[in-house]
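Q: This is the content of entry05.txt (compact mmCIF, C-alpha atoms):
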# COMPACT_ATOMS: atom_id res chain seq x y z
CA MET A 1 117.58 116.10 96.15
CA THR A 2 114.81 118.61 96.55
CA ALA A 3 115.84 121.45 98.78
CA ALA A 4 114.07 121.22 102.11
CA ALA A 5 113.23 124.27 104.16
CA PRO A 6 114.88 124.40 107.59
CA MET A 7 112.77 122.82 110.30
CA SER A 8 112.33 126.10 112.16
CA ASP A 9 111.11 127.80 108.99
CA ASN A 10 108.63 125.00 108.38
CA ALA A 11 107.35 125.28 111.95
CA ASP A 12 106.97 129.05 111.66
CA ALA A 13 105.08 128.65 108.39
CA ALA A 14 102.80 126.08 109.95
CA GLN A 15 102.06 128.38 112.85
CA ARG A 16 101.28 131.27 110.50
CA ASP A 17 98.92 129.03 108.54
CA GLY A 18 97.24 127.83 111.70
CA VAL A 19 98.26 124.22 110.95
CA THR A 20 99.38 121.79 113.62
CA ARG A 21 101.83 119.35 112.07
CA LYS A 22 101.46 115.70 113.11
CA GLY A 23 105.12 114.81 112.65
CA THR A 24 108.00 114.86 110.18
CA ILE A 25 108.42 112.27 107.42
CA LEU A 26 111.36 111.64 105.12
CA VAL A 27 110.03 110.44 101.76
CA VAL A 28 112.45 108.78 99.31
CA ASP A 29 111.59 107.69 95.76
CA ASP A 30 113.52 108.00 92.49
CA ASP A 31 110.30 108.48 90.53
CA ARG A 32 109.77 112.24 90.59
CA LEU A 33 106.02 111.97 89.92
CA VAL A 34 105.52 109.49 92.77
CA LEU A 35 107.68 111.65 95.02
CA ALA A 36 105.69 114.81 94.24
CA THR A 37 102.40 112.97 94.82
CA LEU A 38 103.57 111.64 98.18
CA VAL A 39 104.92 114.99 99.32
CA HIS A 40 101.72 116.81 98.38
CA GLY A 41 99.39 114.20 99.88
CA LEU A 42 101.24 113.84 103.17
CA THR A 43 101.59 117.61 103.53
CA GLN A 44 97.85 117.98 102.98
CA ALA A 45 97.30 115.30 105.64
CA GLY A 46 99.17 117.47 108.16
CA TYR A 47 102.72 116.11 108.09
CA GLU A 48 105.99 117.97 107.65
CA VAL A 49 107.71 116.33 104.67
CA ILE A 50 111.36 116.18 103.65
CA ASP A 51 112.02 114.50 100.30
CA ALA A 52 114.90 112.93 98.41
CA ASP A 53 115.13 111.11 95.08
CA ASN A 54 118.14 108.94 95.95
CA GLY A 55 119.57 107.02 98.89
CA ASP A 56 122.67 109.13 99.48
CA ASP A 57 120.70 112.35 99.86
CA ALA A 58 118.17 110.51 102.03
CA ILE A 59 120.85 109.57 104.54
CA LEU A 60 122.20 113.13 104.64
CA LEU A 61 118.73 114.56 105.21
CA ALA A 62 117.97 111.98 107.89
CA ARG A 63 121.14 112.91 109.78
CA GLU A 64 120.45 116.64 109.47
CA HIS A 65 116.72 116.79 110.21
CA ARG A 66 116.06 113.64 112.29
CA PRO A 67 112.50 113.03 110.99
CA ASP A 68 110.09 110.86 112.96
CA LEU A 69 109.54 108.34 110.16
CA ALA A 70 110.96 107.44 106.75
CA LEU A 71 108.92 106.21 103.78
CA LEU A 72 111.29 104.43 101.40
CA ASP A 73 111.12 103.13 97.86
CA ILE A 74 113.19 99.94 97.59
CA ARG A 75 114.77 99.77 94.15
CA MET A 76 116.73 102.89 93.32
CA GLU A 77 120.01 103.57 91.57
CA GLY A 78 122.94 103.79 93.95
CA LYS A 79 121.90 103.06 97.51
CA SER A 80 118.70 101.05 97.63
CA GLY A 81 115.88 101.54 100.08
CA PHE A 82 117.27 98.55 101.98
CA ASP A 83 120.66 100.28 102.30
CA VAL A 84 118.99 103.44 103.60
CA ALA A 85 116.81 101.47 106.02
CA GLU A 86 119.82 99.64 107.45
CA TYR A 87 121.57 102.95 108.07
CA LEU A 88 118.47 104.52 109.66
CA ARG A 89 118.03 101.49 111.92
CA ASP A 90 121.66 101.16 113.00
CA TYR A 91 122.77 104.78 113.25
CA CYS A 92 119.62 106.90 113.66
CA GLN A 93 117.28 104.48 115.47
CA MET A 94 114.62 105.81 113.11
CA PRO A 95 111.48 103.84 112.17
CA PHE A 96 110.85 103.29 108.47
CA MET A 97 108.31 101.75 106.12
CA PHE A 98 108.63 100.59 102.53
CA LEU A 99 106.64 101.44 99.42
CA SER A 100 107.49 99.04 96.60
CA ALA A 101 106.14 97.45 93.43
CA PHE A 102 107.61 94.08 94.45
CA ALA A 103 106.19 91.38 96.73
CA ASP A 104 108.44 88.39 96.03
CA GLU A 105 109.71 86.13 98.80
CA ALA A 106 113.23 87.57 98.86
CA THR A 107 111.94 91.14 99.16
CA LEU A 108 109.52 90.21 101.93
CA ALA A 109 112.25 88.36 103.82
CA GLN A 110 114.55 91.38 103.75
CA VAL A 111 111.75 93.78 104.71
CA LYS A 112 110.99 91.58 107.70
CA ALA A 113 114.64 91.18 108.69
CA LEU A 114 115.20 94.95 108.63
CA GLY A 115 112.23 95.55 110.93
CA ALA A 116 110.05 97.82 108.81
CA VAL A 117 106.94 99.11 110.55
CA ALA A 118 104.90 98.63 107.36
CA TYR A 119 105.20 97.42 103.77
CA LEU A 120 102.95 98.89 101.08
CA VAL A 121 102.74 97.63 97.52
CA LYS A 122 102.51 100.00 94.55
CA PRO A 123 100.47 101.31 92.89
CA LEU A 124 98.75 103.01 95.80
CA ASP A 125 96.51 106.00 96.13
CA ILE A 126 97.64 108.55 98.70
CA ARG A 127 94.40 107.76 100.57
CA GLU A 128 95.83 104.27 101.16
CA ILE A 129 99.19 105.56 102.32
CA VAL A 130 97.99 108.13 104.88
CA PRO A 131 96.27 105.51 107.12
CA ALA A 132 99.43 103.39 107.07
CA VAL A 133 101.51 106.42 108.06
CA GLU A 134 99.05 107.25 110.84
CA SER A 135 99.30 103.65 112.05
CA ALA A 136 103.08 103.90 112.12
CA PHE A 137 102.95 107.15 114.08
CA ALA A 138 100.53 105.54 116.53
CA GLY A 139 103.06 102.78 117.09
CA ILE A 140 105.87 105.30 117.56
CA ALA A 141 103.81 107.23 120.11
CA ALA A 142 102.94 104.02 121.96
CA ARG A 143 106.60 103.01 122.22
CA ARG A 144 107.55 106.45 123.49
CA ALA A 145 104.87 106.21 126.16
CA THR A 146 105.97 102.83 127.54
CA ALA A 147 106.37 104.32 130.98
CA ALA A 148 102.67 105.20 131.08
CA PRO A 149 100.05 102.62 132.17
CA ALA A 150 98.98 100.40 129.29
CA SER A 151 95.65 101.32 127.77
CA PRO A 152 94.21 99.09 125.03
CA SER A 153 92.09 101.96 123.77
CA VAL A 154 95.12 104.06 122.84
CA ALA A 155 96.53 103.43 119.37
CA ALA A 156 95.93 99.66 119.58
CA PRO A 157 93.36 99.48 116.76
CA LEU A 158 95.82 101.12 114.38
CA GLN A 159 98.98 99.19 115.13
CA LEU A 160 99.95 96.21 113.01
CA ASP A 161 102.51 93.58 113.90
CA THR A 162 105.34 93.48 111.33
CA THR A 163 104.32 89.99 110.17
CA VAL A 164 100.71 91.14 109.77
CA ALA A 165 101.79 94.25 107.86
CA LEU A 166 103.82 92.09 105.46
CA ALA A 167 100.94 89.68 104.92
CA VAL A 168 98.59 92.59 104.23
CA GLY A 169 101.07 93.80 101.61
CA VAL A 170 101.07 90.35 99.98
CA LEU A 171 97.27 90.27 99.78
CA MET A 172 97.18 93.81 98.40
CA HIS A 173 99.59 92.76 95.64
CA ARG A 174 98.00 89.36 94.94
CA TYR A 175 94.39 90.55 94.73
CA SER A 176 94.85 94.26 93.88
CA LEU A 177 93.13 95.27 97.11
CA PRO A 178 93.16 98.51 99.10
CA ARG A 179 95.05 98.17 102.39
CA ALA A 180 91.94 98.19 104.59
CA THR A 181 90.23 95.53 102.47
CA ALA A 182 93.34 93.35 102.51
CA LEU A 183 93.46 93.56 106.31
CA GLU A 184 89.77 92.63 106.52
CA ARG A 185 90.40 89.61 104.28
CA LEU A 186 93.27 88.49 106.48
CA GLU A 187 91.07 88.85 109.57
CA ARG A 188 88.33 86.76 107.95
CA MET A 189 90.86 84.09 106.97
CA ALA A 190 92.13 83.93 110.55
CA GLN A 191 88.61 83.66 111.96
CA ARG A 192 87.64 80.95 109.48
CA GLU A 193 90.70 78.84 110.40
CA ASN A 194 90.41 79.66 114.12
CA ARG A 195 93.89 81.19 114.17
CA SER A 196 95.22 84.41 115.61
CA LEU A 197 95.86 87.24 113.15
CA CYS A 198 99.64 86.82 113.55
CA GLU A 199 99.42 83.06 112.98
CA GLU A 200 97.40 83.55 109.80
CA ALA A 201 99.82 86.25 108.62
CA GLU A 202 102.74 83.86 109.15
CA ARG A 203 100.88 81.20 107.15
CA VAL A 204 100.45 83.65 104.24
CA LEU A 205 104.16 84.48 104.27
CA GLN A 206 105.05 80.77 104.38
CA ALA A 207 102.83 80.24 101.33
CA VAL A 208 104.79 82.93 99.49
CA GLU A 209 108.02 81.11 100.35
CA LEU A 210 106.64 77.76 99.12
CA LEU A 211 105.45 79.27 95.84
CA SER A 212 108.90 80.74 95.24
CA LEU A 213 110.66 77.35 95.56
CA PRO A 214 111.92 75.76 92.32
CA SER A 215 109.53 73.20 90.83
CA ALA A 216 110.41 69.60 91.41
CA SER A 217 112.00 68.05 88.34
Could you render the structure from this file as structure tokens?
A:
Amino acid sequence: MTAAAPMSDNADAAQRDGVTRKGTILVVDDDRLVLATLVHGLTQAGYEVIDADNGDDAILLAREHRPDLALLDIRMEGKSGFDVAEYLRDYCQMPFMFLSAFADEATLAQVKALGAVAYLVKPLDIREIVPAVESAFAGIAARRATAAPASPSVAAPLQLDTTVALAVGVLMHRYSLPRATALERLERMAQRENRSLCEEAERVLQAVELLSLPSAS
């Protein structure tokens, strides 16, 4: 676990630097190079970042610092990203998103069941991750403002339904596309078939399930 500065110290440092932090993110990955890249990129994008290289430390840091969002690798020694996500959901009511090199049917099913706000497929440039994080924060802000009158111009363009986010991840993995391009492709597919975006996303996920079935003998 990388030692994280106390939240008050981070806030004071941000004020001294004239930086307004957008929110706090817990980043968890057992690959130290990936972890360092994520921490640096998200910090440069204006987020306060707490990092851990294993699931046990991630849970401890989440309980201590209560970040706004967690970005989780899935396959790690000890507690997996799925284990951490389940704890964050059940005991911290904390939103989370996954960053993984896997896009098989079983992984997608578990991501969906856990209720991740996004699913990104490695390898990804930090420039692909920051928009997804911003989308997640837009969704968090929208949920916190449910008492306010609905306004379609606020955050709506950035928010993705969980099913849509999963389908975008599948297309990114299948065609080696950036996130924005994968979303555009999904939108074009939906328009061509005269389906809603969610309906087309569900169709993509069903196709993944069919492809994963054993071949008929």
Q: Compile the contact shell of Met76 (chain A) as a list in words: residues with an atom at most 8 Å away, counting only C-alpha atoms, same-chain residues fewer than 2 positions apart removed.
A: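 Contacts, in chain order: Asp29, Asp30, Asn54, Gly55, Asp73, Ile74, Gly78, Lys79, Ser80 and Gly81 of chain A.
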Q: With only C-alpha atoms as the counted atoms, please give the residues lying no more than 8 Å from region 85-90 of chain A, apart from itself and same-chain residues fewer than 2 positions off, as an NGL selection string.
A: :A and (59 or 62 or 72 or 81-83 or 92-96 or 114)
Q: Please produce a file of those selected residues containing C-alpha atoms, as a CSV table (one decimal), in the coordinates of the input.
A:
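Wrote again.csv, looks like this:
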chain,number,residue,atom,x,y,z
A,59,ILE,CA,120.8,109.6,104.5
A,62,ALA,CA,118.0,112.0,107.9
A,72,LEU,CA,111.3,104.4,101.4
A,81,GLY,CA,115.9,101.5,100.1
A,82,PHE,CA,117.3,98.6,102.0
A,83,ASP,CA,120.7,100.3,102.3
A,92,CYS,CA,119.6,106.9,113.7
A,93,GLN,CA,117.3,104.5,115.5
A,94,MET,CA,114.6,105.8,113.1
A,95,PRO,CA,111.5,103.8,112.2
A,96,PHE,CA,110.8,103.3,108.5
A,114,LEU,CA,115.2,95.0,108.6
Q: Out of A:Glu77, A:Glu134, A:Glu200, A:Asp125, which residue has the shortest atom-to-atom distance to Val34 (chain A) when counting only C-alpha atoms?
A: A:Asp125
Q: Have a look at CA of Ala70 (chain A) and CA of Ala207 (chain A) and let me know their distance in Å, one decimal.
A: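 So the answer is 28.9 Å.
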Q: With a distance cut-off of 7 Å and all atoms listed in the file, select the neighbouring residues of Ile25 (chain A), excluding the residue or stretch itself and same-chain residues fewer than 4 positions from it, and output the selection as a list in words.
A: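 Surrounding residues, per the criterion: Tyr47, Glu48, Val49, Ile50, Pro67, Asp68, Leu69 and Ala70 of chain A.
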Q: I'd like the interatomic distance between CA of Ala103 (chain A) and CA of Asp53 (chain A), to a tenth of an Å.
A: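 Value for the CA of Ala103 (chain A)-CA of Asp53 (chain A) distance: 21.7 Å.
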Q: Quick one: of A:Leu177, A:Ala167, A:Ala182, A:Ile126, who's nearest to Cys198 (chain A), counting all atoms listed in the file?
A: A:Ala167
Q: Around the point (98.6, 116.5, 101.1) (coordinates from the file), which residues reach within 12 Å if we count all atoms listed in the file? Answer as a ChimeraX atom specification.
A: /A:21,35-49,125-127,129-130
Q: Taking into account all atoms listed in the file, which residue in the set A:Lys112, A:Arg195, A:Arg179, A:Lys22 is nearest to Leu166 (chain A)?
A: A:Lys112
Q: Just give me the gap between CA of Ala106 (chain A) and CA of Gly139 (chain A) in Å, one decimal is fine.
A: 25.8 Å
Q: Out of A:Leu197, A:Val84, A:Leu186, A:Leu120, which residue has the shortest atom-to-atom distance to Leu99 (chain A) when counting all atoms listed in the file?
A: A:Leu120
Q: Go through A:Met97, A:Ala190, A:Leu60, A:Arg174 one by one, measure the shortest atom-to-atom distance of each to Val133 (chain A) using all atoms listed in the file, and give the residue with the smallest value.
A: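 Under the stated criterion, the closest residue is A:Met97.
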Q: Under the rule that all atoms listed in the file are counted, which of A:Leu26, A:Ala101, A:Ala201, A:Ile140 is the nearest residue to Val117 (chain A)?
A: A:Ile140
Q: Hey, what's within 12 Å of Ala180 (chain A) if we count only C-alpha atoms and toss same-chain stuff fewer than 6 positions away? As a ChimeraX atom specification, please?
A: /A:120,127-132,135,158,160,165,168-169,171-172,186-187
